[in-house]
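*Asks:* Structure file model16.csv, CSV, C-alpha atoms and all ligand atoms, is pasted below:
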```csv
chain,number,residue,atom,x,y,z
A,17,MET,CA,-8.1,-13.0,-27.0
A,18,VAL,CA,-7.6,-10.3,-24.3
A,19,THR,CA,-5.2,-11.3,-21.5
A,20,SER,CA,-6.0,-9.9,-18.1
A,21,VAL,CA,-3.3,-7.9,-16.4
A,22,TRP,CA,-4.5,-9.2,-13.1
A,23,ASN,CA,-2.9,-12.3,-11.6
A,24,GLU,CA,-6.1,-13.2,-9.7
A,25,VAL,CA,-9.5,-11.5,-9.4
A,26,TYR,CA,-11.3,-12.1,-6.1
A,27,VAL,CA,-14.9,-11.1,-5.5
A,28,GLU,CA,-16.8,-11.1,-2.3
A,29,GLU,CA,-19.7,-13.6,-2.4
A,30,LYS,CA,-22.2,-11.1,-1.2
A,31,ILE,CA,-21.7,-8.8,-4.2
A,32,ARG,CA,-21.4,-11.4,-6.9
A,33,ASN,CA,-24.7,-10.3,-8.5
A,34,HIS,CA,-24.1,-6.6,-8.2
A,35,PRO,CA,-24.4,-5.0,-11.6
A,36,ARG,CA,-21.2,-3.0,-11.0
A,37,VAL,CA,-19.3,-6.2,-10.3
A,38,GLU,CA,-20.7,-7.9,-13.4
A,39,SER,CA,-19.6,-4.9,-15.5
A,40,ILE,CA,-16.1,-4.9,-14.0
A,41,LEU,CA,-15.7,-8.6,-14.5
A,42,ASN,CA,-16.8,-8.3,-18.2
A,43,LYS,CA,-14.0,-5.8,-18.7
A,44,VAL,CA,-11.2,-7.5,-16.8
A,45,GLN,CA,-11.5,-10.8,-18.8
A,46,LYS,CA,-10.6,-13.0,-15.9
A,47,ALA,CA,-12.6,-15.7,-14.2
A,48,PRO,CA,-13.1,-14.6,-10.5
A,49,VAL,CA,-12.5,-16.5,-7.3
A,50,TYR,CA,-15.4,-16.0,-4.9
A,51,ILE,CA,-14.5,-15.4,-1.3
A,52,GLU,CA,-16.4,-14.5,1.9
A,53,SER,CA,-14.6,-11.2,2.7
A,54,PHE,CA,-11.7,-9.5,1.0
A,55,ASP,CA,-9.7,-9.1,4.2
A,56,GLU,CA,-9.6,-12.8,4.8
A,57,ILE,CA,-6.9,-12.8,2.0
A,58,TRP,CA,-5.9,-9.2,1.3
A,59,GLY,CA,-3.0,-8.2,3.5
A,60,ARG,CA,-3.2,-11.3,5.6
A,61,SER,CA,0.4,-12.1,4.9
A,62,LYS,CA,3.1,-9.6,4.0
A,63,LYS,CA,3.4,-9.2,0.2
A,64,ALA,CA,6.4,-7.1,-0.8
A,65,TYR,CA,5.4,-3.8,-2.4
A,66,LEU,CA,7.5,-4.3,-5.5
A,67,GLN,CA,5.7,-7.6,-6.2
A,68,LYS,CA,3.1,-5.4,-7.8
A,69,ARG,CA,5.3,-5.4,-10.9
A,70,ASP,CA,4.8,-9.1,-11.4
A,71,THR,CA,1.7,-10.3,-9.7
A,72,LEU,CA,-1.0,-7.8,-8.9
A,73,ASN,CA,-4.3,-9.2,-7.7
A,74,LEU,CA,-7.6,-7.4,-7.8
A,75,PHE,CA,-10.3,-7.6,-5.1
A,76,LEU,CA,-13.9,-6.4,-5.6
A,77,ALA,CA,-15.4,-5.7,-2.2
A,78,GLN,CA,-18.0,-3.9,-0.2
A,79,LYS,CA,-16.5,-1.3,2.1
A,80,GLN,CA,-17.5,-1.8,5.7
A,81,GLY,CA,-17.0,0.6,8.5
A,82,GLN,CA,-15.6,4.1,7.8
A,83,LEU,CA,-16.5,5.3,4.3
A,84,LEU,CA,-15.5,8.9,4.8
A,85,LYS,CA,-12.5,10.3,6.7
A,86,LEU,CA,-12.0,13.8,8.0
A,87,ALA,CA,-8.8,15.1,6.5
A,88,PRO,CA,-6.1,16.7,8.6
A,89,ASP,CA,-6.3,20.4,9.2
A,90,ALA,CA,-3.7,21.5,6.7
A,91,TYR,CA,-5.2,19.3,3.9
A,92,GLY,CA,-6.6,21.4,1.1
A,93,SER,CA,-7.4,25.1,1.2
A,94,ALA,CA,-7.9,26.3,4.8
A,95,GLY,CA,-11.1,27.3,6.6
A,96,GLU,CA,-13.5,24.6,5.3
A,97,PRO,CA,-14.1,21.0,6.2
A,98,HIS,CA,-12.3,18.4,4.1
A,99,TYR,CA,-13.1,14.8,3.9
A,100,TYR,CA,-11.8,12.0,1.7
A,101,PHE,CA,-13.9,9.2,0.6
A,102,ILE,CA,-12.5,5.7,0.4
A,103,HIS,CA,-13.4,4.0,-2.8
A,104,ALA,CA,-10.2,1.9,-3.4
A,105,TYR,CA,-7.0,0.7,-1.8
A,106,ASN,CA,-3.7,0.8,-3.6
A,107,CYS,CA,-2.7,2.0,-7.1
A,108,ILE,CA,-1.5,0.7,-10.4
A,109,TYR,CA,1.3,3.4,-10.5
A,110,GLU,CA,4.5,3.3,-8.7
A,111,CYS,CA,5.7,6.6,-7.5
A,112,GLN,CA,8.9,6.2,-5.5
A,113,TYR,CA,7.7,8.5,-2.7
A,114,CYS,CA,4.2,7.0,-2.4
A,115,TYR,CA,3.2,6.5,1.2
A,116,LEU,CA,1.1,3.4,0.2
A,117,GLN,CA,4.4,1.4,0.0
A,118,GLY,CA,4.5,1.4,3.8
A,119,TYR,CA,0.8,1.8,4.6
A,120,PHE,CA,-0.8,-1.5,3.7
A,121,ASN,CA,0.6,-5.0,4.1
A,122,THR,CA,0.1,-5.6,0.3
A,123,PRO,CA,0.1,-3.7,-2.9
A,124,ASP,CA,-2.9,-5.7,-4.2
A,125,ILE,CA,-5.8,-3.5,-5.3
A,126,VAL,CA,-9.2,-3.4,-3.7
A,127,LEU,CA,-12.1,-1.6,-5.5
A,128,PHE,CA,-15.0,-0.9,-3.4
A,129,ILE,CA,-18.3,-1.0,-5.2
A,130,ASN,CA,-20.8,0.4,-2.7
A,131,HIS,CA,-20.6,4.0,-3.9
A,132,GLU,CA,-24.2,4.7,-3.1
A,133,GLU,CA,-23.4,4.1,0.6
A,134,ILE,CA,-20.4,6.4,0.4
A,135,ILE,CA,-22.6,9.1,-1.1
A,136,GLN,CA,-25.1,8.7,1.7
A,137,GLU,CA,-22.3,9.3,4.2
A,138,MET,CA,-21.3,12.4,2.1
A,139,GLU,CA,-24.9,13.7,2.4
A,140,LYS,CA,-24.7,13.2,6.2
A,141,ALA,CA,-21.5,15.1,6.3
A,142,LEU,CA,-23.0,18.0,4.3
A,143,LEU,CA,-25.9,18.2,6.8
A,144,SER,CA,-23.5,18.5,9.7
A,145,HIS,CA,-21.7,21.6,8.3
A,146,PRO,CA,-23.3,24.9,7.4
A,147,GLY,CA,-21.2,26.0,4.4
A,148,ARG,CA,-19.1,24.4,1.7
A,149,VAL,CA,-17.7,20.9,2.3
A,150,TRP,CA,-14.9,19.3,0.3
A,151,PHE,CA,-14.7,15.6,-0.6
A,152,HIS,CA,-11.5,14.3,-2.0
A,153,ALA,CA,-11.1,11.0,-3.8
A,154,GLY,CA,-7.7,9.4,-4.3
A,155,GLU,CA,-6.2,9.3,-0.8
A,156,PHE,CA,-5.5,5.6,-1.0
A,157,SER,CA,-5.4,5.3,-4.8
A,158,ASP,CA,-5.4,7.4,-8.0
A,159,SER,CA,-8.9,8.7,-8.6
A,160,LEU,CA,-9.1,8.4,-12.4
A,161,ALA,CA,-6.7,5.6,-13.3
A,162,LEU,CA,-9.3,2.8,-13.3
A,163,THR,CA,-12.5,4.7,-13.9
A,164,HIS,CA,-13.0,3.0,-17.3
A,165,LEU,CA,-13.4,-0.2,-15.2
A,166,THR,CA,-15.3,1.1,-12.2
A,167,GLY,CA,-17.8,3.4,-13.8
A,168,GLU,CA,-18.7,5.3,-10.6
A,169,LEU,CA,-17.9,8.9,-11.8
A,170,GLU,CA,-21.5,9.6,-12.9
A,171,LEU,CA,-22.8,9.0,-9.4
A,172,TYR,CA,-20.4,11.5,-7.8
A,173,HIS,CA,-21.1,13.9,-10.6
A,174,GLU,CA,-24.9,13.7,-9.9
A,175,PHE,CA,-24.1,14.3,-6.2
A,176,CYS,CA,-22.4,17.6,-7.1
A,177,GLN,CA,-25.3,18.5,-9.4
A,178,LYS,CA,-27.7,18.0,-6.5
A,179,TYR,CA,-25.6,19.7,-3.8
A,180,PRO,CA,-23.8,22.9,-5.1
A,181,GLU,CA,-22.3,23.4,-1.6
A,182,ALA,CA,-20.4,20.1,-2.0
A,183,ILE,CA,-17.1,20.2,-3.8
A,184,ILE,CA,-15.5,17.0,-5.1
A,185,GLU,CA,-11.9,16.8,-6.0
A,186,LEU,CA,-10.6,14.0,-8.2
A,187,ARG,CA,-6.9,13.9,-7.7
A,188,THR,CA,-4.9,12.1,-10.3
A,189,LYS,CA,-1.8,11.5,-12.4
A,190,SER,CA,-3.8,9.6,-14.9
A,191,VAL,CA,-4.8,10.7,-18.4
A,192,ASN,CA,-7.7,8.3,-18.4
A,193,ILE,CA,-10.3,11.0,-18.9
A,194,ARG,CA,-12.7,9.1,-21.2
A,195,GLU,CA,-15.4,8.7,-18.6
A,196,LEU,CA,-15.1,12.3,-17.6
A,197,GLU,CA,-15.5,13.5,-21.1
A,198,LYS,CA,-19.0,12.0,-21.1
A,199,LEU,CA,-20.1,14.3,-18.3
A,200,PRO,CA,-21.0,18.0,-18.5
A,201,PRO,CA,-18.6,20.2,-16.5
A,202,LEU,CA,-19.7,21.5,-13.1
A,203,PRO,CA,-18.2,24.3,-11.0
A,204,ASN,CA,-18.0,22.0,-8.0
A,205,PHE,CA,-16.5,18.9,-9.7
A,206,ILE,CA,-12.8,19.6,-9.8
A,207,VAL,CA,-10.1,17.4,-11.5
A,208,SER,CA,-6.7,18.1,-10.1
A,209,PHE,CA,-3.4,16.9,-11.5
A,210,SER,CA,-0.3,16.2,-9.6
A,211,LEU,CA,2.6,17.5,-11.7
A,212,SER,CA,6.4,17.5,-11.5
A,213,PRO,CA,8.9,18.8,-14.1
A,214,ASP,CA,9.3,16.3,-16.9
A,215,GLU,CA,12.8,15.1,-15.9
A,216,MET,CA,11.8,14.5,-12.2
A,217,ALA,CA,8.6,12.7,-13.2
A,218,ARG,CA,10.6,10.4,-15.4
A,219,ARG,CA,12.8,9.5,-12.5
A,220,VAL,CA,10.3,9.1,-9.7
A,221,ASP,CA,6.8,8.7,-11.1
A,222,LEU,CA,7.2,5.1,-12.4
A,223,LYS,CA,4.5,3.7,-14.6
A,224,THR,CA,2.5,7.0,-14.6
A,225,PRO,CA,1.7,9.0,-17.7
A,226,SER,CA,4.3,11.6,-18.5
A,227,THR,CA,4.0,15.2,-17.4
A,228,GLN,CA,3.4,16.1,-21.0
A,229,GLY,CA,0.6,13.5,-21.1
A,230,ARG,CA,-1.0,14.9,-18.0
A,231,LEU,CA,-0.8,18.5,-19.3
A,232,LYS,CA,-2.5,17.3,-22.5
A,233,ALA,CA,-5.3,15.8,-20.5
A,234,MET,CA,-5.6,18.9,-18.4
A,235,ASP,CA,-5.7,21.1,-21.5
A,236,LYS,CA,-8.5,18.9,-22.9
A,237,LEU,CA,-10.6,19.1,-19.8
A,238,ASN,CA,-9.9,22.9,-19.5
A,239,GLN,CA,-11.1,23.3,-23.1
A,240,LEU,CA,-14.2,21.3,-22.3
A,241,GLY,CA,-15.0,23.7,-19.4
A,242,PHE,CA,-14.0,21.4,-16.5
A,243,LYS,CA,-12.8,23.0,-13.3
A,244,ILE,CA,-9.1,22.0,-13.1
A,245,ALA,CA,-6.5,22.4,-10.4
A,246,ALA,CA,-2.8,21.4,-9.9
A,247,HIS,CA,-0.6,20.0,-7.2
A,248,PHE,CA,3.1,20.5,-7.2
A,249,ASP,CA,3.5,17.9,-4.6
A,250,PRO,CA,5.9,16.4,-3.7
A,251,ILE,CA,8.5,18.9,-4.8
A,252,ILE,CA,11.9,17.2,-4.7
A,253,TYR,CA,15.0,19.3,-4.4
A,254,GLU,CA,17.7,19.1,-7.0
A,255,ASP,CA,20.1,21.7,-8.3
A,256,GLN,CA,18.0,22.8,-11.2
A,257,PHE,CA,14.6,22.7,-9.5
A,258,LYS,CA,14.0,26.4,-10.1
A,259,SER,CA,14.5,26.4,-13.8
A,260,ARG,CA,12.6,23.1,-14.2
A,261,TYR,CA,9.5,24.4,-12.4
A,262,GLN,CA,9.8,27.6,-14.4
A,263,GLU,CA,9.7,25.6,-17.6
A,264,LEU,CA,6.7,23.6,-16.4
A,265,LEU,CA,4.9,26.8,-15.5
A,266,VAL,CA,5.6,28.3,-18.9
A,267,GLN,CA,4.3,25.1,-20.6
A,268,MET,CA,1.1,25.4,-18.5
A,269,ASN,CA,0.8,29.1,-19.2
A,270,ASN,CA,1.2,28.4,-23.0
A,271,LEU,CA,-1.8,26.1,-22.7
A,272,LYS,CA,-3.7,28.8,-20.8
A,273,ILE,CA,-4.1,26.5,-17.8
A,274,ASN,CA,-2.6,28.8,-15.2
A,275,GLU,CA,-5.3,31.5,-15.2
A,276,LYS,CA,-8.0,28.9,-14.9
A,277,LEU,CA,-6.6,26.9,-12.0
A,278,ALA,CA,-9.0,26.6,-9.1
A,279,TYR,CA,-6.0,26.2,-6.9
A,280,LEU,CA,-2.3,25.3,-7.1
A,281,SER,CA,-1.0,23.5,-4.0
A,282,LEU,CA,2.7,23.3,-3.2
A,283,GLY,CA,4.1,20.7,-0.9
A,284,VAL,CA,7.7,19.5,-0.4
A,285,VAL,CA,8.6,15.8,-0.2
A,286,ARG,CA,7.9,14.3,3.2
A,287,PHE,CA,7.6,10.9,4.7
A,288,THR,CA,6.7,9.2,7.9
A,289,LYS,CA,9.8,7.4,9.2
A,290,ASP,CA,8.4,4.0,8.3
A,291,VAL,CA,7.6,5.0,4.7
A,292,TYR,CA,11.0,6.5,4.4
A,293,ARG,CA,12.6,3.3,5.4
A,294,ASP,CA,10.5,1.4,2.8
A,295,ALA,CA,11.4,4.0,0.1
A,296,GLU,CA,15.1,3.6,1.0
A,297,ARG,CA,14.8,-0.2,0.6
A,298,ASN,CA,12.6,-0.2,-2.5
A,299,TYR,CA,14.5,2.6,-4.3
A,300,PRO,CA,18.0,2.9,-2.8
A,301,ASP,CA,19.4,5.0,-5.7
A,302,SER,CA,16.5,7.4,-6.0
A,303,VAL,CA,17.0,11.1,-6.2
A,304,ILE,CA,14.4,11.4,-3.3
A,305,HIS,CA,17.2,10.5,-0.9
A,306,SER,CA,19.8,13.0,-2.3
A,307,GLY,CA,18.4,16.1,-0.6
A,308,PRO,CA,19.3,16.9,3.1
A,309,MET,CA,16.5,14.9,4.7
A,310,VAL,CA,16.2,15.2,8.5
A,311,LYS,CA,13.9,13.5,11.0
A,312,SER,CA,11.6,16.1,12.7
A,313,PHE,CA,10.3,16.1,16.3
A,314,ASP,CA,7.0,14.6,14.9
A,315,GLY,CA,8.7,11.6,13.3
A,316,LYS,CA,8.4,13.0,9.8
A,317,VAL,CA,11.4,12.8,7.5
A,318,ARG,CA,11.8,15.9,5.3
A,319,TYR,CA,14.1,18.9,4.6
A,320,HIS,CA,14.4,21.3,7.4
A,321,ARG,CA,11.7,24.0,7.6
A,322,PRO,CA,13.8,27.0,6.3
A,323,MET,CA,14.6,24.9,3.2
A,324,ARG,CA,11.0,23.8,2.7
A,325,MET,CA,9.8,27.4,3.0
A,326,TRP,CA,12.5,28.7,0.6
A,327,ILE,CA,11.6,26.0,-2.0
A,328,MET,CA,7.9,26.8,-1.8
A,329,SER,CA,8.3,30.6,-1.8
A,330,THR,CA,10.6,30.3,-4.8
A,331,ILE,CA,8.1,28.2,-6.7
A,332,LYS,CA,5.2,30.4,-5.6
A,333,GLU,CA,6.9,33.4,-7.0
A,334,LEU,CA,7.5,31.7,-10.3
A,335,ALA,CA,3.8,30.6,-10.4
A,336,ILE,CA,2.6,34.2,-9.9
A,337,GLN,CA,5.0,35.4,-12.7
A,338,ALA,CA,3.4,32.7,-14.9
A,339,LYS,CA,-0.1,34.1,-14.3
A,340,VAL,CA,-1.3,31.8,-11.5
A,341,LYS,CA,-3.6,33.9,-9.3
A,342,PRO,CA,-1.7,34.5,-5.9
A,343,GLU,CA,-4.9,33.8,-3.9
A,344,SER,CA,-5.3,30.4,-5.5
A,345,ILE,CA,-1.9,29.2,-4.3
A,346,TYR,CA,-1.7,27.4,-1.0
A,347,LEU,CA,1.1,25.6,0.9
A,348,CYS,CA,0.4,22.0,1.8
A,349,MET,CA,0.9,20.6,5.3
A,350,GLU,CA,3.0,23.5,6.4
A,351,ASP,CA,1.3,24.8,9.6
A,352,ASP,CA,3.7,22.7,11.6
A,353,ALA,CA,7.2,23.5,12.9
B,1,LIG,S1,-0.3,8.0,-8.2
B,1,LIG,FE1,-0.5,8.5,-6.1
B,1,LIG,S2,-1.4,6.7,-5.1
B,1,LIG,FE2,-0.6,6.1,-7.1
B,1,LIG,S3,1.6,5.4,-6.8
B,1,LIG,FE3,1.6,7.6,-7.3
B,1,LIG,S4,1.6,8.7,-5.3
B,1,LIG,FE4,0.9,6.5,-5.0
```
Translate this structure into structure tokens?

*Replies:*
Amino acid sequence: MVTSVWNEVYVEEKIRNHPRVESILNKVQKAPVYIESFDEIWGRSKKAYLQKRDTLNLFLAQKQGQLLKLAPDAYGSAGEPHYYFIHAYNCIYECQYCYLQGYFNTPDIVLFINHEEIIQEMEKALLSHPGRVWFHAGEFSDSLALTHLTGELELYHEFCQKYPEAIIELRTKSVNIRELEKLPPLPNFIVSFSLSPDEMARRVDLKTPSTQGRLKAMDKLNQLGFKIAAHFDPIIYEDQFKSRYQELLVQMNNLKINEKLAYLSLGVVRFTKDVYRDAERNYPDSVIHSGPMVKSFDGKVRYHRPMRMWIMSTIKELAIQAKVKPESIYLCMEDDA
């Protein structure tokens, strides 16, 4: 008998007969509790973030209100509109720097099942901009980790097939690429992996696949002809950061990943002050607090600007030496002081 990993599974009454709900319920092997609306329970009272280790609940819901969100100016490569679409809240992984630990009142996971409506909003967004428009999944969750349950990738893939001017980015730390492998590659359907050197990932990316696992998944998708990209974000300072990123870039180059990267983004670890407080409480001994963090004028907690720029230019130089195309490298969230 399969034991469900979910403590409770809640389903909104109005979607109980939706085929996607039936399919998910068949896979999770847990009798659901039917409720009127997910937010009558989800986040109603504070549930400590680290309780996700012991009792994680799953909610299946229909997303109301805003389905697409315009991303901040410095999000993604510059000069084109970027949106993220909201298909889930919260994540099964536990990265120590994750901003979700201070964002919602609960770590319980919500999977929204009305992807057709999300896609209609994406079509409207396309009409309102002349050129290319980017759509990012994974702002409030990992975009691949649960796709074996949710089964929506095909819809977003069809959208990319229909609209070549749309670009979808699936951002992930997952190696759960089974559903992707069933789809033919498309130039505007990008799978991007967040990567850190092995040792750092072991210390701060809790419960995620290892860096080597992620590289293997990237290699496989690359060989299948998928468009791939990478994020070195967040970069966390430690004495050996240069040699460790150099090693990572060499590993990527040996797999012939670097020359194929649609982009490589670089971003140094940063927090809002509230999330930083949560991260200090949840992970008091973490390496993320060991660098010289300062509170900036805008309330962000991060290294001072000269240090951030030095770290990113050092890694950018290494990336270029390792055959990443210079024009494909961009610095994330760094147009501020
Ligand atoms: S994979 Fe992303 S969303 Fe999930 S815990 Fe890590 S940083 Fe947060």

*Asks:* Kindly give the distance, in Å, that separates CA of Thr224 (chain A) and CA of Thr188 (chain A), rounded to a single decimal.

*Replies:* 10.0 Å

*Asks:* Provide the CA of Pro48 (chain A) to CA of Phe101 (chain A) distance in Å, to one decimal place.

*Replies:*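 Atom-to-atom, CA of Pro48 (chain A) to CA of Phe101 (chain A), that is 26.3 Å.
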
*Asks:* Can you build me a table of chain A residues sitting at most 7 Å from ligand LIG 1 (chain B), with the closest atom pair per residue and its distance in Å to one decimal, using all atoms listed in the file, sorted by chain and residue number, as a tab-separated table?

*Replies:*
```
residue	atom	partner	partner_atom	distance
A:Asn106	CA	B:LIG1	S2	6.5
A:Cys107	CA	B:LIG1	FE2	4.6
A:Ile108	CA	B:LIG1	FE2	6.4
A:Tyr109	CA	B:LIG1	S3	4.2
A:Glu110	CA	B:LIG1	S3	4.1
A:Cys111	CA	B:LIG1	FE3	4.2
A:Tyr113	CA	B:LIG1	S4	6.6
A:Cys114	CA	B:LIG1	FE4	4.2
A:Tyr115	CA	B:LIG1	FE4	6.6
A:Leu116	CA	B:LIG1	FE4	6.1
A:Gly154	CA	B:LIG1	S2	6.9
A:Glu155	CA	B:LIG1	S2	6.9
A:Phe156	CA	B:LIG1	S2	5.9
A:Ser157	CA	B:LIG1	S2	4.2
A:Asp158	CA	B:LIG1	S2	5.0
A:Thr188	CA	B:LIG1	S1	6.5
A:Lys189	CA	B:LIG1	S1	5.7
A:Asp221	CA	B:LIG1	FE3	6.5
```

*Asks:* Could you list, as an NGL selection string, every residue within 10 Å of Trp58 (chain A), counting all atoms listed in the file and ignoring same-chain residues fewer than 5 positions away?

*Replies:* :A and (26 or 53 or 63 or 73-75 or 120-126)

*Asks:* Go ahead and compute the interatomic distance for CA of Val284 (chain A) and CA of Trp326 (chain A), in Å to one decimal.

*Replies:*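 Taking CA of Val284 (chain A) as the start and CA of Trp326 (chain A) as the end point, the length is 10.4 Å.
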
*Asks:* Mind checking which residues fall within 10 Å of Met328 (chain A), counting all atoms listed in the file, ignoring those fewer than 5 positions away in the same chain, and posting them as a PDB file with C-alpha atoms, in the coordinates of the input?

*Replies:*
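Ended up saving to out_9.pdb:
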```pdb
ATOM      1  CA  PHE A 248       3.100  20.500  -7.200  1.00  0.00           C
ATOM      2  CA  ILE A 251       8.500  18.900  -4.800  1.00  0.00           C
ATOM      3  CA  SER A 281      -1.000  23.500  -4.000  1.00  0.00           C
ATOM      4  CA  LEU A 282       2.700  23.300  -3.200  1.00  0.00           C
ATOM      5  CA  GLY A 283       4.100  20.700  -0.900  1.00  0.00           C
ATOM      6  CA  VAL A 284       7.700  19.500  -0.400  1.00  0.00           C
ATOM      7  CA  MET A 323      14.600  24.900   3.200  1.00  0.00           C
ATOM      8  CA  GLU A 333       6.900  33.400  -7.000  1.00  0.00           C
ATOM      9  CA  LEU A 334       7.500  31.700 -10.300  1.00  0.00           C
ATOM     10  CA  TYR A 346      -1.700  27.400  -1.000  1.00  0.00           C
ATOM     11  CA  LEU A 347       1.100  25.600   0.900  1.00  0.00           C
ATOM     12  CA  CYS A 348       0.400  22.000   1.800  1.00  0.00           C
TER      13      CYS A 348
END
```

*Asks:* From the list A:Asn238, A:Gln45, A:Asn23, A:Ser329, which residue is nearest Leu165 (chain A) when using only C-alpha atoms?

*Replies:*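 For Leu165 (chain A), the nearest of the candidates is A:Gln45.
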
*Asks:* Might you pull out every residue within 10 Å of Gly147 (chain A), with all atoms listed in the file counted and same-chain residues fewer than 4 positions away left off, and present them as a PyMOL selection string?

*Replies:* chain A and resi 96-97+142-143+181-182

*Asks:* When distances are computed from only C-alpha atoms, which of A:Lys236, A:Arg219, A:Lys311, A:Lys339 shows the smallest separation from Asn270 (chain A)?

*Replies:*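 Of A:Lys236, A:Arg219, A:Lys311, A:Lys339, the one nearest Asn270 (chain A), counting only C-alpha atoms, is A:Lys339.
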
*Asks:* Please determine, counting all atoms listed in the file, which residue among A:Met268, A:Tyr65, A:Gln337, A:Tyr319 has the shortest atom-to-atom distance to Tyr253 (chain A).

*Replies:*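 Answer, going by the shortest atom-to-atom distance: A:Tyr319.
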
*Asks:* I'd like the neighbourhood of Asn269 (chain A) as a VMD selection string, where a residue qualifies if any of its atoms comes within 10 Å (using only C-alpha atoms), though same-chain residues fewer than 5 positions away should be ignored.

*Replies:* chain A and resid 263 to 264 274 to 276 335 337 to 340

*Asks:* Contacts of His320 (chain A) at 10 Å or less, counting all atoms listed in the file, minus same-chain residues fewer than 4 places along, as number ranges by chain?

*Replies:* A: 308-312, 324-325, 353

*Asks:* Of the candidates A:Lys232, A:Lys178, A:Arg318, A:Lys223, which one gets nearest to Pro250 (chain A) if we count all atoms listed in the file?

*Replies:*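 For Pro250 (chain A), the nearest of the candidates is A:Arg318.
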
*Asks:* Around the point (17.7, 17.8, -4.2) (coordinates from the file), which residues reach within 9 Å if we count all atoms listed in the file? Answer as a count of residues only.

*Replies:* 12

*Asks:* Given the choices A:Glu133, A:Met138, A:Tyr99, A:Glu195, which gets closest to Ala153 (chain A) if the distance is worked out from only C-alpha atoms?

*Replies:*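 Smallest separation from Ala153 (chain A) among the options: A:Tyr99.
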
*Asks:* Name the closest residue to Leu237 (chain A) among the candidates A:Asn298, A:Ser61, A:Asn130, A:Ser208; distances are taken between atoms, counting all atoms listed in the file.

*Replies:*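 Of A:Asn298, A:Ser61, A:Asn130, A:Ser208, the one nearest Leu237 (chain A), counting all atoms listed in the file, is A:Ser208.
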